$ cat coords-v2.txt   # compact mmCIF, N, CA and C atoms
# COMPACT_ATOMS: atom_id res chain seq x y z
N MET A 1 36.57 63.45 -232.24
CA MET A 1 36.79 64.39 -233.31
C MET A 1 35.62 65.37 -233.38
N SER A 2 35.89 66.49 -233.92
CA SER A 2 34.86 67.52 -234.00
C SER A 2 33.97 67.30 -235.22
N ASN A 3 32.86 68.00 -235.23
CA ASN A 3 31.94 67.95 -236.35
C ASN A 3 32.57 68.55 -237.60
N ASN A 4 33.49 69.52 -237.41
CA ASN A 4 34.19 70.12 -238.56
C ASN A 4 35.04 69.10 -239.30
N GLN A 5 35.60 68.15 -238.56
CA GLN A 5 36.40 67.10 -239.19
C GLN A 5 35.52 66.25 -240.10
N ASN A 6 34.32 65.90 -239.63
CA ASN A 6 33.40 65.15 -240.47
C ASN A 6 32.97 65.96 -241.69
N LEU A 7 32.80 67.26 -241.53
CA LEU A 7 32.44 68.09 -242.68
C LEU A 7 33.54 68.04 -243.74
N ASN A 8 34.79 68.02 -243.31
CA ASN A 8 35.90 67.89 -244.26
C ASN A 8 35.81 66.57 -245.02
N TYR A 9 35.48 65.49 -244.32
CA TYR A 9 35.33 64.19 -244.96
C TYR A 9 34.19 64.20 -245.96
N TYR A 10 33.10 64.87 -245.62
CA TYR A 10 31.96 64.95 -246.53
C TYR A 10 32.28 65.78 -247.77
N VAL A 11 33.06 66.83 -247.61
CA VAL A 11 33.48 67.63 -248.77
C VAL A 11 34.34 66.77 -249.70
N GLY A 12 35.28 66.05 -249.14
CA GLY A 12 36.11 65.16 -249.94
C GLY A 12 35.30 64.09 -250.64
N SER A 13 34.37 63.50 -249.91
CA SER A 13 33.50 62.48 -250.49
C SER A 13 32.65 63.04 -251.61
N LEU A 14 32.11 64.23 -251.41
CA LEU A 14 31.28 64.87 -252.43
C LEU A 14 32.07 65.11 -253.72
N ILE A 15 33.26 65.64 -253.58
CA ILE A 15 34.07 65.99 -254.75
C ILE A 15 34.47 64.74 -255.54
N VAL A 16 35.06 63.76 -254.85
CA VAL A 16 35.57 62.59 -255.59
C VAL A 16 34.45 61.69 -256.10
N SER A 17 33.33 61.63 -255.40
CA SER A 17 32.24 60.79 -255.90
C SER A 17 31.59 61.43 -257.12
N LEU A 18 31.43 62.75 -257.13
CA LEU A 18 30.88 63.41 -258.31
C LEU A 18 31.80 63.27 -259.52
N ILE A 19 33.08 63.52 -259.31
CA ILE A 19 34.04 63.40 -260.42
C ILE A 19 34.10 61.95 -260.92
N GLY A 20 34.15 61.00 -259.99
CA GLY A 20 34.19 59.59 -260.40
C GLY A 20 32.95 59.17 -261.16
N GLY A 21 31.77 59.58 -260.71
CA GLY A 21 30.54 59.24 -261.41
C GLY A 21 30.46 59.85 -262.80
N ILE A 22 30.87 61.10 -262.91
CA ILE A 22 30.86 61.77 -264.22
C ILE A 22 31.85 61.10 -265.17
N LEU A 23 33.03 60.75 -264.68
CA LEU A 23 34.01 60.08 -265.54
C LEU A 23 33.52 58.71 -266.00
N LEU A 24 32.81 58.00 -265.11
CA LEU A 24 32.29 56.68 -265.50
C LEU A 24 31.26 56.79 -266.62
N ILE A 25 30.50 57.87 -266.64
CA ILE A 25 29.46 58.00 -267.65
C ILE A 25 29.99 58.54 -268.98
N PHE A 26 30.88 59.52 -268.92
CA PHE A 26 31.23 60.26 -270.13
C PHE A 26 32.58 59.93 -270.75
N THR A 27 33.36 59.05 -270.15
CA THR A 27 34.67 58.75 -270.71
C THR A 27 34.85 57.24 -270.89
N ASP A 28 35.94 56.85 -271.51
CA ASP A 28 36.21 55.43 -271.80
C ASP A 28 36.92 54.78 -270.62
N PHE A 29 36.61 53.49 -270.43
CA PHE A 29 37.23 52.71 -269.37
C PHE A 29 38.63 52.26 -269.79
N ALA A 30 38.77 51.78 -271.02
CA ALA A 30 40.06 51.30 -271.52
C ALA A 30 40.01 51.25 -273.04
N GLY A 31 41.17 51.11 -273.64
CA GLY A 31 41.23 51.02 -275.09
C GLY A 31 42.44 50.25 -275.56
N TRP A 32 42.48 49.94 -276.87
CA TRP A 32 43.59 49.21 -277.44
C TRP A 32 43.81 49.63 -278.88
N TYR A 33 45.01 49.31 -279.37
CA TYR A 33 45.39 49.62 -280.74
C TYR A 33 46.27 48.49 -281.26
N VAL A 34 45.98 48.02 -282.47
CA VAL A 34 46.75 46.95 -283.09
C VAL A 34 47.13 47.40 -284.50
N TYR A 35 48.39 47.20 -284.85
CA TYR A 35 48.82 47.49 -286.21
C TYR A 35 49.78 46.41 -286.65
N ASN A 36 49.48 45.77 -287.77
CA ASN A 36 50.35 44.76 -288.35
C ASN A 36 50.88 45.34 -289.66
N TYR A 37 52.14 45.68 -289.65
CA TYR A 37 52.75 46.34 -290.81
C TYR A 37 52.69 45.47 -292.06
N TYR A 38 52.98 44.18 -291.91
CA TYR A 38 53.06 43.30 -293.07
C TYR A 38 51.69 43.02 -293.68
N ALA A 39 50.70 42.88 -292.86
CA ALA A 39 49.34 42.60 -293.37
C ALA A 39 48.59 43.89 -293.69
N GLY A 40 49.09 45.00 -293.22
CA GLY A 40 48.42 46.27 -293.44
C GLY A 40 47.12 46.40 -292.66
N VAL A 41 47.04 45.69 -291.57
CA VAL A 41 45.81 45.69 -290.76
C VAL A 41 45.98 46.67 -289.61
N ARG A 42 45.02 47.52 -289.47
CA ARG A 42 45.02 48.48 -288.38
C ARG A 42 43.68 48.35 -287.67
N SER A 43 43.72 48.23 -286.35
CA SER A 43 42.49 48.06 -285.59
C SER A 43 42.63 48.75 -284.24
N TRP A 44 41.55 49.33 -283.77
CA TRP A 44 41.55 49.94 -282.46
C TRP A 44 40.14 49.86 -281.90
N GLY A 45 40.05 50.00 -280.60
CA GLY A 45 38.75 49.96 -279.95
C GLY A 45 38.85 50.44 -278.52
N TRP A 46 37.71 50.51 -277.88
CA TRP A 46 37.66 50.98 -276.51
C TRP A 46 36.45 50.39 -275.82
N VAL A 47 36.46 50.46 -274.52
CA VAL A 47 35.37 49.98 -273.68
C VAL A 47 34.92 51.16 -272.84
N GLY A 48 33.64 51.38 -272.78
CA GLY A 48 33.13 52.50 -271.99
C GLY A 48 31.62 52.55 -272.01
N ALA A 49 31.07 53.56 -271.39
CA ALA A 49 29.62 53.71 -271.28
C ALA A 49 28.98 53.98 -272.63
N GLY A 50 29.71 54.47 -273.61
CA GLY A 50 29.17 54.76 -274.92
C GLY A 50 28.98 53.54 -275.80
N GLU A 51 29.45 52.40 -275.37
CA GLU A 51 29.34 51.17 -276.15
C GLU A 51 28.07 50.42 -275.77
N PHE A 52 27.10 50.43 -276.68
CA PHE A 52 25.83 49.78 -276.41
C PHE A 52 25.92 48.32 -276.81
N PRO A 53 25.39 47.38 -276.11
CA PRO A 53 24.53 47.43 -274.94
C PRO A 53 25.28 47.30 -273.62
N PHE A 54 26.54 46.81 -273.69
CA PHE A 54 27.26 46.55 -272.44
C PHE A 54 27.72 47.81 -271.73
N GLY A 55 27.78 48.91 -272.42
CA GLY A 55 28.16 50.17 -271.80
C GLY A 55 27.18 50.64 -270.75
N VAL A 56 25.96 50.15 -270.83
CA VAL A 56 24.95 50.51 -269.83
C VAL A 56 25.37 50.02 -268.44
N LEU A 57 26.19 48.99 -268.40
CA LEU A 57 26.67 48.47 -267.11
C LEU A 57 27.51 49.50 -266.35
N PHE A 58 28.06 50.47 -267.05
CA PHE A 58 28.85 51.51 -266.39
C PHE A 58 27.97 52.50 -265.64
N LEU A 59 26.69 52.50 -265.94
CA LEU A 59 25.77 53.41 -265.24
C LEU A 59 25.56 52.99 -263.79
N VAL A 60 25.62 51.69 -263.51
CA VAL A 60 25.37 51.20 -262.15
C VAL A 60 26.40 51.74 -261.16
N PRO A 61 27.71 51.58 -261.41
CA PRO A 61 28.65 52.17 -260.45
C PRO A 61 28.58 53.69 -260.41
N ALA A 62 28.23 54.33 -261.52
CA ALA A 62 28.08 55.79 -261.51
C ALA A 62 26.92 56.19 -260.60
N ILE A 63 25.83 55.45 -260.66
CA ILE A 63 24.68 55.73 -259.78
C ILE A 63 25.08 55.52 -258.32
N PHE A 64 25.88 54.51 -258.05
CA PHE A 64 26.36 54.28 -256.68
C PHE A 64 27.14 55.49 -256.18
N LEU A 65 28.03 56.02 -257.03
CA LEU A 65 28.82 57.18 -256.61
C LEU A 65 27.96 58.43 -256.48
N PHE A 66 26.95 58.57 -257.32
CA PHE A 66 26.04 59.71 -257.19
C PHE A 66 25.23 59.62 -255.90
N TYR A 67 24.89 58.41 -255.46
CA TYR A 67 24.22 58.23 -254.17
C TYR A 67 25.12 58.73 -253.04
N CYS A 68 26.39 58.40 -253.12
CA CYS A 68 27.35 58.87 -252.12
C CYS A 68 27.47 60.39 -252.14
N ALA A 69 27.40 60.97 -253.33
CA ALA A 69 27.45 62.43 -253.44
C ALA A 69 26.22 63.07 -252.78
N VAL A 70 25.06 62.44 -252.96
CA VAL A 70 23.84 62.96 -252.33
C VAL A 70 23.95 62.89 -250.81
N ILE A 71 24.45 61.79 -250.29
CA ILE A 71 24.64 61.66 -248.84
C ILE A 71 25.56 62.76 -248.33
N SER A 72 26.67 62.97 -249.01
CA SER A 72 27.63 63.99 -248.59
C SER A 72 27.03 65.39 -248.69
N PHE A 73 26.28 65.64 -249.75
CA PHE A 73 25.64 66.95 -249.91
C PHE A 73 24.64 67.20 -248.80
N LEU A 74 23.83 66.21 -248.46
CA LEU A 74 22.86 66.39 -247.38
C LEU A 74 23.54 66.61 -246.04
N ALA A 75 24.67 65.96 -245.83
CA ALA A 75 25.42 66.16 -244.58
C ALA A 75 25.98 67.57 -244.51
N LEU A 76 26.42 68.10 -245.65
CA LEU A 76 26.96 69.46 -245.67
C LEU A 76 25.84 70.51 -245.59
N LYS A 77 24.72 70.20 -246.17
CA LYS A 77 23.59 71.14 -246.16
C LYS A 77 23.06 71.35 -244.75
N ASN A 78 22.99 70.28 -243.99
CA ASN A 78 22.52 70.35 -242.62
C ASN A 78 23.67 69.95 -241.70
N ALA A 79 24.60 70.87 -241.50
CA ALA A 79 25.85 70.56 -240.79
C ALA A 79 25.63 70.20 -239.33
N ASN A 80 24.54 70.64 -238.74
CA ASN A 80 24.29 70.34 -237.32
C ASN A 80 23.79 68.93 -237.11
N LYS A 81 23.19 68.34 -238.12
CA LYS A 81 22.63 67.00 -237.99
C LYS A 81 23.26 66.10 -239.04
N SER A 82 23.96 65.10 -238.61
CA SER A 82 24.60 64.17 -239.52
C SER A 82 23.56 63.22 -240.11
N PRO A 83 23.80 62.75 -241.34
CA PRO A 83 22.88 61.75 -241.90
C PRO A 83 22.88 60.49 -241.05
N SER A 84 21.90 59.65 -241.25
CA SER A 84 21.82 58.43 -240.45
C SER A 84 23.04 57.55 -240.69
N LYS A 85 23.38 56.81 -239.66
CA LYS A 85 24.53 55.93 -239.76
C LYS A 85 24.33 54.87 -240.84
N ASN A 86 23.08 54.43 -240.99
CA ASN A 86 22.79 53.41 -242.01
C ASN A 86 23.00 53.93 -243.42
N SER A 87 22.62 55.19 -243.69
CA SER A 87 22.82 55.72 -245.03
C SER A 87 24.30 55.93 -245.33
N ILE A 88 25.06 56.35 -244.34
CA ILE A 88 26.51 56.50 -244.54
C ILE A 88 27.15 55.13 -244.73
N ARG A 89 26.72 54.15 -243.95
CA ARG A 89 27.25 52.79 -244.09
C ARG A 89 26.93 52.23 -245.48
N LEU A 90 25.70 52.47 -245.97
CA LEU A 90 25.34 52.02 -247.31
C LEU A 90 26.20 52.72 -248.36
N GLY A 91 26.42 54.03 -248.21
CA GLY A 91 27.28 54.76 -249.12
C GLY A 91 28.70 54.21 -249.11
N PHE A 92 29.20 53.89 -247.93
CA PHE A 92 30.54 53.30 -247.81
C PHE A 92 30.61 51.98 -248.58
N LYS A 93 29.61 51.13 -248.38
CA LYS A 93 29.61 49.82 -249.05
C LYS A 93 29.49 49.97 -250.57
N LEU A 94 28.62 50.87 -251.02
CA LEU A 94 28.45 51.07 -252.46
C LEU A 94 29.72 51.63 -253.11
N SER A 95 30.36 52.56 -252.44
CA SER A 95 31.59 53.12 -253.01
C SER A 95 32.72 52.09 -253.01
N PHE A 96 32.74 51.22 -252.01
CA PHE A 96 33.75 50.16 -251.99
C PHE A 96 33.48 49.16 -253.11
N VAL A 97 32.21 48.90 -253.40
CA VAL A 97 31.86 48.03 -254.52
C VAL A 97 32.35 48.63 -255.83
N VAL A 98 32.20 49.94 -256.00
CA VAL A 98 32.69 50.61 -257.21
C VAL A 98 34.21 50.44 -257.33
N PHE A 99 34.92 50.60 -256.23
CA PHE A 99 36.37 50.42 -256.22
C PHE A 99 36.74 49.00 -256.65
N ILE A 100 36.07 48.00 -256.08
CA ILE A 100 36.36 46.60 -256.40
C ILE A 100 36.01 46.30 -257.85
N LEU A 101 34.87 46.81 -258.33
CA LEU A 101 34.49 46.58 -259.73
C LEU A 101 35.51 47.18 -260.70
N ALA A 102 35.99 48.38 -260.41
CA ALA A 102 36.99 49.00 -261.27
C ALA A 102 38.29 48.20 -261.24
N LEU A 103 38.68 47.74 -260.07
CA LEU A 103 39.90 46.95 -259.94
C LEU A 103 39.79 45.64 -260.70
N ILE A 104 38.69 44.92 -260.52
CA ILE A 104 38.49 43.65 -261.21
C ILE A 104 38.36 43.88 -262.72
N GLY A 105 37.63 44.92 -263.11
CA GLY A 105 37.50 45.23 -264.53
C GLY A 105 38.83 45.55 -265.17
N GLY A 106 39.68 46.29 -264.47
CA GLY A 106 41.00 46.60 -264.99
C GLY A 106 41.87 45.37 -265.13
N ILE A 107 41.82 44.50 -264.14
CA ILE A 107 42.60 43.26 -264.20
C ILE A 107 42.12 42.38 -265.34
N LEU A 108 40.80 42.24 -265.47
CA LEU A 108 40.25 41.41 -266.55
C LEU A 108 40.58 41.98 -267.92
N PHE A 109 40.51 43.28 -268.05
CA PHE A 109 40.88 43.90 -269.33
C PHE A 109 42.34 43.65 -269.66
N ALA A 110 43.21 43.83 -268.69
CA ALA A 110 44.64 43.63 -268.92
C ALA A 110 44.95 42.18 -269.28
N LEU A 111 44.23 41.24 -268.68
CA LEU A 111 44.47 39.83 -268.97
C LEU A 111 43.90 39.39 -270.31
N THR A 112 42.81 39.99 -270.74
CA THR A 112 42.14 39.53 -271.96
C THR A 112 42.46 40.36 -273.20
N VAL A 113 43.22 41.42 -273.06
CA VAL A 113 43.48 42.28 -274.21
C VAL A 113 44.27 41.57 -275.29
N GLY A 114 45.00 40.54 -274.94
CA GLY A 114 45.68 39.72 -275.93
C GLY A 114 46.92 40.35 -276.51
N ASP A 115 47.22 39.95 -277.74
CA ASP A 115 48.44 40.38 -278.42
C ASP A 115 48.16 41.66 -279.21
N VAL A 116 48.28 42.78 -278.54
CA VAL A 116 48.06 44.07 -279.19
C VAL A 116 49.32 44.91 -279.05
N ASN A 117 49.43 45.89 -279.90
CA ASN A 117 50.60 46.76 -279.86
C ASN A 117 50.55 47.70 -278.67
N ASP A 118 49.36 48.19 -278.37
CA ASP A 118 49.25 49.19 -277.30
C ASP A 118 47.87 49.08 -276.67
N TRP A 119 47.82 49.20 -275.36
CA TRP A 119 46.56 49.27 -274.65
C TRP A 119 46.72 50.22 -273.48
N TRP A 120 45.60 50.73 -272.97
CA TRP A 120 45.66 51.73 -271.91
C TRP A 120 44.36 51.72 -271.11
N PHE A 121 44.48 52.22 -269.91
CA PHE A 121 43.29 52.46 -269.09
C PHE A 121 42.84 53.90 -269.34
N GLY A 122 41.54 54.08 -269.42
CA GLY A 122 40.99 55.40 -269.67
C GLY A 122 40.58 56.09 -268.38
N GLU A 123 39.98 57.24 -268.57
CA GLU A 123 39.59 58.08 -267.42
C GLU A 123 38.52 57.42 -266.56
N ALA A 124 37.62 56.65 -267.18
CA ALA A 124 36.57 55.99 -266.40
C ALA A 124 37.16 54.96 -265.44
N PHE A 125 38.22 54.29 -265.85
CA PHE A 125 38.89 53.35 -264.94
C PHE A 125 39.40 54.08 -263.70
N TYR A 126 40.10 55.17 -263.93
CA TYR A 126 40.64 55.92 -262.80
C TYR A 126 39.53 56.61 -262.00
N GLY A 127 38.47 57.02 -262.69
CA GLY A 127 37.33 57.59 -261.98
C GLY A 127 36.68 56.58 -261.05
N GLY A 128 36.53 55.35 -261.52
CA GLY A 128 35.96 54.30 -260.68
C GLY A 128 36.90 53.88 -259.57
N LEU A 129 38.18 53.74 -259.90
CA LEU A 129 39.15 53.28 -258.91
C LEU A 129 39.39 54.34 -257.83
N LEU A 130 39.72 55.55 -258.25
CA LEU A 130 40.01 56.61 -257.28
C LEU A 130 38.73 57.16 -256.66
N GLY A 131 37.69 57.33 -257.47
CA GLY A 131 36.43 57.83 -256.94
C GLY A 131 35.83 56.88 -255.93
N GLY A 132 35.80 55.60 -256.26
CA GLY A 132 35.28 54.60 -255.32
C GLY A 132 36.16 54.44 -254.10
N GLY A 133 37.47 54.38 -254.31
CA GLY A 133 38.39 54.18 -253.19
C GLY A 133 38.42 55.35 -252.22
N LEU A 134 38.54 56.56 -252.75
CA LEU A 134 38.60 57.73 -251.87
C LEU A 134 37.26 58.03 -251.20
N THR A 135 36.17 57.80 -251.93
CA THR A 135 34.86 58.01 -251.32
C THR A 135 34.64 57.03 -250.19
N SER A 136 35.00 55.78 -250.39
CA SER A 136 34.85 54.81 -249.30
C SER A 136 35.75 55.15 -248.12
N LEU A 137 36.93 55.68 -248.38
CA LEU A 137 37.81 56.10 -247.29
C LEU A 137 37.20 57.25 -246.51
N PHE A 138 36.73 58.28 -247.22
CA PHE A 138 36.14 59.44 -246.54
C PHE A 138 34.88 59.06 -245.76
N LEU A 139 34.04 58.21 -246.35
CA LEU A 139 32.82 57.82 -245.63
C LEU A 139 33.14 56.92 -244.45
N HIS A 140 34.17 56.09 -244.58
CA HIS A 140 34.58 55.26 -243.45
C HIS A 140 35.09 56.12 -242.30
N LEU A 141 35.89 57.12 -242.62
CA LEU A 141 36.41 58.00 -241.57
C LEU A 141 35.30 58.81 -240.91
N SER A 142 34.33 59.27 -241.70
CA SER A 142 33.21 60.00 -241.10
C SER A 142 32.34 59.07 -240.27
N LEU A 143 32.22 57.82 -240.69
CA LEU A 143 31.42 56.85 -239.95
C LEU A 143 32.06 56.54 -238.59
N LYS A 144 33.37 56.51 -238.55
CA LYS A 144 34.07 56.25 -237.27
C LYS A 144 33.85 57.39 -236.27
N ASN A 145 33.61 58.60 -236.77
CA ASN A 145 33.51 59.77 -235.89
C ASN A 145 32.08 60.09 -235.47
N ILE A 146 31.11 59.34 -235.95
CA ILE A 146 29.72 59.61 -235.56
C ILE A 146 29.45 58.90 -234.23
N ASN A 147 28.83 59.62 -233.34
CA ASN A 147 28.52 59.04 -232.02
C ASN A 147 27.37 58.07 -232.11
$ encode --input "coords-v2.txt" --output "structure tokens"
Amino acid sequence: MSNNQNLNYYVGSLIVSLIGGILLIFTDFAGWYVYNYYAGVRSWGWVGAGEFPFGVLFLVPAIFLFYCAVISFLALKNANKSPSKNSIRLGFKLSFVVFILALIGGILFALTVGDVNDWWFGEAFYGGLLGGGLTSLFLHLSLKNIN
């Protein structure tokens, strides 16, 4: 494959990793709503980076995706020289970890949400799932094309 093909992969990786990292920091991962008409009880909540102290845990996968964005940016900045294979491999592994964490977090949330009227996944869930998954795909494809 040509070097232009790898540049396309780096552009894709840069875009989805930046968007995924930003969504992980600034939006909610999931939420729920409960209303009991007879008791008059109304309750709602959400999980995300804004919830202290456990919300700080969302910064770790966001930092992983920002690392992938830096790798992709450096590859695009110096198009004649690809980043080291080890840094791309590390970016691939970190983005795959973000994908797995979002998937496991979504499954655990869905299983533990209990008896509620309504629950949903937020933008941070999709940012982690799609951002991590697509970034790992793009970095894997670029890694296969490096000599």
$ residues_near_point --input "coords-v2.txt" --point "(32.1, 54.2, -263.5)" --cutoff "6 Å" --atoms "only N, CA and C atoms" --output "ChimeraX atom specification"
/A:20-21,23-25,58,61-62,124,127-128
$ atom_distance --input "coords-v2.txt" --atom1 "CA of Arg89 (chain A)" --atom2 "CA of Tyr9 (chain A)"
14.0 Å
$ residues_near_point --input "coords-v2.txt" --point "(44.4, 56.5, -273.2)" --cutoff "7 Å" --atoms "only C-alpha atoms" --output "compact mmCIF listing (two decimals) with N, CA and C atoms, keeping the file's coordinate frame"
# COMPACT_ATOMS: atom_id res chain seq x y z
N ALA A 30 38.77 51.78 -271.02
CA ALA A 30 40.06 51.30 -271.52
C ALA A 30 40.01 51.25 -273.04
N GLY A 31 41.17 51.11 -273.64
CA GLY A 31 41.23 51.02 -275.09
C GLY A 31 42.44 50.25 -275.56
N TRP A 120 45.60 50.73 -272.97
CA TRP A 120 45.66 51.73 -271.91
C TRP A 120 44.36 51.72 -271.11
N PHE A 121 44.48 52.22 -269.91
CA PHE A 121 43.29 52.46 -269.09
C PHE A 121 42.84 53.90 -269.34
N GLY A 122 41.54 54.08 -269.42
CA GLY A 122 40.99 55.40 -269.67
C GLY A 122 40.58 56.09 -268.38
$ select_by_dssp --input "coords-v2.txt" --residues "region 4-134 of chain A" --states "strand (DSSP E or B)" --output "ChimeraX atom specification"
/A:28-36,41-48,118-121
$ closest_residue --input "coords-v2.txt" --among "A:Ala102, A:Ala75, A:Val60, A:Ile107" --to "Val11 (chain A)" --atoms "all atoms listed in the file"
A:Ala75
$ closest_residue --input "coords-v2.txt" --among "A:Ser43, A:Ser136, A:Ser82, A:Asn117" --to "Leu94 (chain A)" --atoms "all atoms listed in the file"
A:Ser136
$ atom_distance --input "coords-v2.txt" --atom1 "atom C of Leu137 (chain A)" --atom2 "CA of Val98 (chain A)"
13.4 Å
$ atom_distance --input "coords-v2.txt" --atom1 "CA of Lys81 (chain A)" --atom2 "CA of Phe66 (chain A)"
20.8 Å
$ residues_around --input "coords-v2.txt" --residues "Gly106 (chain A)" --least-positions-apart "5" --cutoff "8 Å" --atoms "only N, CA and C atoms" --output "list of chain:residue names"
A:Phe29, A:Ile100, A:Leu101, A:Leu111, A:Thr112, A:Phe121, A:Phe125
$ write_last_selection --input "coords-v2.txt" --atoms "N, CA and C atoms" --output "PDB file, keeping the file's coordinate frame"
ATOM      1  N   PHE A  29      36.610  53.490-270.430  1.00  0.00           N
ATOM      2  CA  PHE A  29      37.230  52.710-269.370  1.00  0.00           C
ATOM      3  C   PHE A  29      38.630  52.260-269.790  1.00  0.00           C
ATOM      4  N   ILE A 100      36.070  48.000-256.080  1.00  0.00           N
ATOM      5  CA  ILE A 100      36.360  46.600-256.400  1.00  0.00           C
ATOM      6  C   ILE A 100      36.010  46.300-257.850  1.00  0.00           C
ATOM      7  N   LEU A 101      34.870  46.810-258.330  1.00  0.00           N
ATOM      8  CA  LEU A 101      34.490  46.580-259.730  1.00  0.00           C
ATOM      9  C   LEU A 101      35.510  47.180-260.700  1.00  0.00           C
ATOM     10  N   LEU A 111      44.230  41.240-268.680  1.00  0.00           N
ATOM     11  CA  LEU A 111      44.470  39.830-268.970  1.00  0.00           C
ATOM     12  C   LEU A 111      43.900  39.390-270.310  1.00  0.00           C
ATOM     13  N   THR A 112      42.810  39.990-270.740  1.00  0.00           N
ATOM     14  CA  THR A 112      42.140  39.530-271.960  1.00  0.00           C
ATOM     15  C   THR A 112      42.460  40.360-273.200  1.00  0.00           C
ATOM     16  N   PHE A 121      44.480  52.220-269.910  1.00  0.00           N
ATOM     17  CA  PHE A 121      43.290  52.460-269.090  1.00  0.00           C
ATOM     18  C   PHE A 121      42.840  53.900-269.340  1.00  0.00           C
ATOM     19  N   PHE A 125      38.220  54.290-265.850  1.00  0.00           N
ATOM     20  CA  PHE A 125      38.890  53.350-264.940  1.00  0.00           C
ATOM     21  C   PHE A 125      39.400  54.080-263.700  1.00  0.00           C
TER      22      PHE A 125
END
$ decode --input "coords-v2.txt" --residues "region 15-49 of chain A" --atoms "C-alpha atoms" --output "short mmCIF file (atom, residue, chain, number, x, y, z; two decimals), in the first residue's frame"
data_model
loop_
_atom_site.label_atom_id
_atom_site.label_comp_id
_atom_site.auth_asym_id
_atom_site.auth_seq_id
_atom_site.Cartn_x
_atom_site.Cartn_y
_atom_site.Cartn_z
CA ILE A 15 -10.67 12.62 14.03
CA VAL A 16 -12.33 9.77 15.93
CA SER A 17 -9.82 9.74 18.78
CA LEU A 18 -10.21 13.48 19.37
CA ILE A 19 -14.00 13.31 19.25
CA GLY A 20 -14.05 10.23 21.49
CA GLY A 21 -11.73 11.80 24.06
CA ILE A 22 -13.71 15.04 24.16
CA LEU A 23 -17.00 13.15 24.56
CA LEU A 24 -15.55 11.08 27.41
CA ILE A 25 -14.59 14.23 29.31
CA PHE A 26 -17.52 16.55 28.69
CA THR A 27 -20.60 14.34 28.37
CA ASP A 28 -22.44 11.67 30.37
CA PHE A 29 -21.77 7.96 30.00
CA ALA A 30 -25.30 6.82 30.91
CA GLY A 31 -28.37 7.88 32.83
CA TRP A 32 -31.64 6.70 34.32
CA TYR A 33 -35.07 7.95 35.34
CA VAL A 34 -37.53 6.45 37.84
CA TYR A 35 -41.06 7.62 38.54
CA ASN A 36 -43.53 5.91 40.86
CA TYR A 37 -46.95 7.45 40.35
CA TYR A 38 -48.51 6.01 43.50
CA ALA A 39 -45.70 6.99 45.86
CA GLY A 40 -45.05 10.28 44.10
CA VAL A 41 -41.35 9.50 43.95
CA ARG A 42 -39.33 10.87 41.10
CA SER A 43 -35.62 10.13 40.76
CA TRP A 44 -33.03 10.46 38.05
CA GLY A 45 -29.28 10.31 37.74
CA TRP A 46 -26.36 9.87 35.42
CA VAL A 47 -22.82 8.57 35.29
CA GLY A 48 -20.05 10.58 33.72
CA ALA A 49 -16.83 12.51 34.17
#
